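Each remark here refers to the structure printed beneath this line.
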Amino acid sequence: MKRVITISREFGSGGRDIGKRTAEKLGFAFYDKDIIKLAAQESGLAADYLTQADENISGGSSLHFTIGDMFSYGSYSPETMPMPDQIHVLLSRVINDIANRESCVIVGRSSNYILRNRDDCLHVFVHAPKEAKLRRIIDDFGVPEKNAEKELERTERARASYYRHYSGLNWGLAKNFHISLDSGLFGLEACADIITRLAQTI
C-alpha cells in the first residue's frame, strides 16, 4: 500500500535529516531539492531560478489562491499570474504527481497543505529549542556564529510568510499536522523511528 509522509520543519531542527532517515528505514523515495529539479524539467525553467524563488514570495503580489483554485483555472490563464504564484502551481503539481506515483517522504514546500485531502498521508512538523537550532545552523550549515541568529530569524520568517500566503494558515500550528516532534528532546534517530512506526498505521 502506498503511503506518503510530509515533513515540515523549523530551520535548524534537523527535519531534512529526519526525513531522509525515515525514508531509508521505510524504503521510500525521498524528495527535497529533487522537487525543484523535477519542476525545472517539466517547465523548462532554469533550476537555479526555481531554487532562488523557492519559499520566497513577491511582495507585490496581492493574489491568493487555494490549491483547488490553482488546479481549476477556469478562464484564468496561469501565465497571467505573478511568477511566484506560477512557480507555486508548478511545485504543487509536481508534489501531487509524486504522491500519486509512489510511497515517499517529501520535505517542505507546504506539502502538508498541498496533500491535505489525501488519506494516505502522515503530516509531520519538526521543531526544536532555539539553542539547538542555532548549534546545528553553525555546525552543520557552516553559518558563522555571529550571523546564525539573524539567519534563523530570516529563514523562519520567510517560511512562515510563504506558508501563510499560499494556505491562509499559520505555519507550524499543531492542528495542521498529524504529529509535532521536538528533535531537541528526542534526537534525530528517535524522531525517525517514531515517524516510521506511525507511517505503518496509515
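Every chain in the C-alpha cells takes a letter, A first, then B, and so on in the order presented; its residues are numbered from 1, and the ligands are numbered from 1 following the presented order.
Once A:Ala39 and its same-chain neighbours fewer than 5 positions away are set aside, Asp32, Lys33, Asp34, Gly44, Leu45, Ala46, Ala47, Asp48, Tyr49, Leu50, Thr51, Asp54, Gln86, Ile87, His88, Val89, Leu90, Leu91, Ser92, Arg93, Val94, Ile95, Asn96, Asp97 and Ile98 of chain A remain within 12 Å of it when counting only C-alpha atoms.
Distance annotation: of A:Glu151, A:Arg197, A:Leu188, A:Ala158, the residue with the minimal separation from A:Arg21 is A:Leu188; atom set is only C-alpha atoms.
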| query | Which neighbours of A:Ile195 fall inside 9 Å, counting only C-alpha atoms, when residues of the same chain fewer than 2 positions from it are skipped, and could you give them as a VMD selection string? | reply | chain A and resid 5 18 to 19 22 122 124 179 190 to 193 197 to 200
Once you count only C-alpha atoms, what closest atom pair and distance in Å to one decimal does each residue of stretch 104-137 of chain A within 7 Å of stretch 6-9 of chain A have, with rows by chain and rising residue number, as JSON lines?
{"residue": "A:Val105", "atom": "CA", "partner": "A:Thr6", "partner_atom": "CA", "distance": 5.8}
{"residue": "A:Ile106", "atom": "CA", "partner": "A:Thr6", "partner_atom": "CA", "distance": 4.8}
{"residue": "A:Val107", "atom": "CA", "partner": "A:Ile7", "partner_atom": "CA", "distance": 4.7}
{"residue": "A:Gly108", "atom": "CA", "partner": "A:Ser8", "partner_atom": "CA", "distance": 4.9}
{"residue": "A:Ser111", "atom": "CA", "partner": "A:Thr6", "partner_atom": "CA", "distance": 6.1}
{"residue": "A:Asn112", "atom": "CA", "partner": "A:Thr6", "partner_atom": "CA", "distance": 5.7}
{"residue": "A:Leu122", "atom": "CA", "partner": "A:Thr6", "partner_atom": "CA", "distance": 6.3}
{"residue": "A:His123", "atom": "CA", "partner": "A:Thr6", "partner_atom": "CA", "distance": 4.9}
{"residue": "A:Val124", "atom": "CA", "partner": "A:Ile7", "partner_atom": "CA", "distance": 4.9}
{"residue": "A:Phe125", "atom": "CA", "partner": "A:Ser8", "partner_atom": "CA", "distance": 4.8}
{"residue": "A:Val126", "atom": "CA", "partner": "A:Arg9", "partner_atom": "CA", "distance": 4.6}
{"residue": "A:His127", "atom": "CA", "partner": "A:Arg9", "partner_atom": "CA", "distance": 6.0}
| query | as number ranges by chain, which residues of stretch 17-157 of chain A does DSSP assign to strand (DSSP E or B)? | reply | A: 29-31, 104-107, 121-127
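Minimum atom-to-atom distances from A:His165, A:Arg101, A:Arg16, A:Lys37 to A:Val4 were compared using only C-alpha atoms, and the lowest value belongs to A:Arg101.
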| message | Calculated over only C-alpha atoms, which of the candidates A:Ser161, A:Thr196, A:Ser180, A:Gln41 has the smallest distance to A:Ser13? | response | A:Ser180
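With only C-alpha atoms as the basis for measurement, A:Lys133 is the residue among A:Asp139, A:Asp119, A:Phe28, A:Lys133 that approaches A:Leu152 most closely.
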| message | Show me, as a PyMOL selection string, the residues that have an atom within 8 Å of A:Ala29 when counting only C-alpha atoms, minus same-chain residues fewer than 6 positions from it. | response | chain A and resi 23+102-105
Selected residues written out with N, CA and C atoms, as a PDB file, in the first residue's frame:
ATOM      1  N   ALA A  23      12.920   7.819   5.350  1.00  0.00           N
ATOM      2  CA  ALA A  23      12.798   7.219   4.018  1.00  0.00           C
ATOM      3  C   ALA A  23      13.667   5.969   3.909  1.00  0.00           C
ATOM      4  N   GLU A 102       4.197   7.072  -5.941  1.00  0.00           N
ATOM      5  CA  GLU A 102       4.967   6.141  -5.123  1.00  0.00           C
ATOM      6  C   GLU A 102       4.953   6.523  -3.651  1.00  0.00           C
ATOM      7  N   SER A 103       5.286   5.568  -2.822  1.00  0.00           N
ATOM      8  CA  SER A 103       5.492   5.840  -1.401  1.00  0.00           C
ATOM      9  C   SER A 103       6.732   6.709  -1.250  1.00  0.00           C
ATOM     10  N   CYS A 104       6.634   7.734  -0.430  1.00  0.00           N
ATOM     11  CA  CYS A 104       7.742   8.679  -0.379  1.00  0.00           C
ATOM     12  C   CYS A 104       7.688   9.535   0.877  1.00  0.00           C
ATOM     13  N   VAL A 105       8.811  10.206   1.126  1.00  0.00           N
ATOM     14  CA  VAL A 105       8.911  11.248   2.142  1.00  0.00           C
ATOM     15  C   VAL A 105       9.195  12.547   1.406  1.00  0.00           C
TER      16      VAL A 105
END
| task | For atom CA of A:Ala128 and atom CA of A:Arg164, determine how far apart the two atoms are, in Å to one decimal place. | result | 20.8 Å
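Computed from the coordinates, the atom CA of A:Ile202 to atom CA of A:Tyr166 distance equals 26.5 Å.
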| note | Computed gap from atom CA of A:Gly184 to atom CA of A:Pro129 is 6.2 Å
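You can rank A:Tyr163, A:Glu149, A:Arg3, A:Gly14 by their closest distance to A:Glu189 using only C-alpha atoms, and at the top of that list sits A:Gly14.
Minimum distance to A:Asp182 across A:Asn147, A:Glu42, A:Ala99, A:Ile194 (counting only C-alpha atoms) occurs at A:Ile194.
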| request: Write down as a PyMOL selection string the residues belonging to stretch 93-189 of chain A that are assigned helix (DSSP H, G or I) by DSSP computed on the backbone. | output: chain A and resi 93-101+111-114+130-139+145-167+174-176+183-186+188-189
| message | Excluding A:Asn170 and its own-chain neighbours fewer than 3 positions away, which residues fall within 12 Å of it when counting only C-alpha atoms? Please give them as a PyMOL selection string. | response | chain A and resi 110+113+157+159-167+173-177
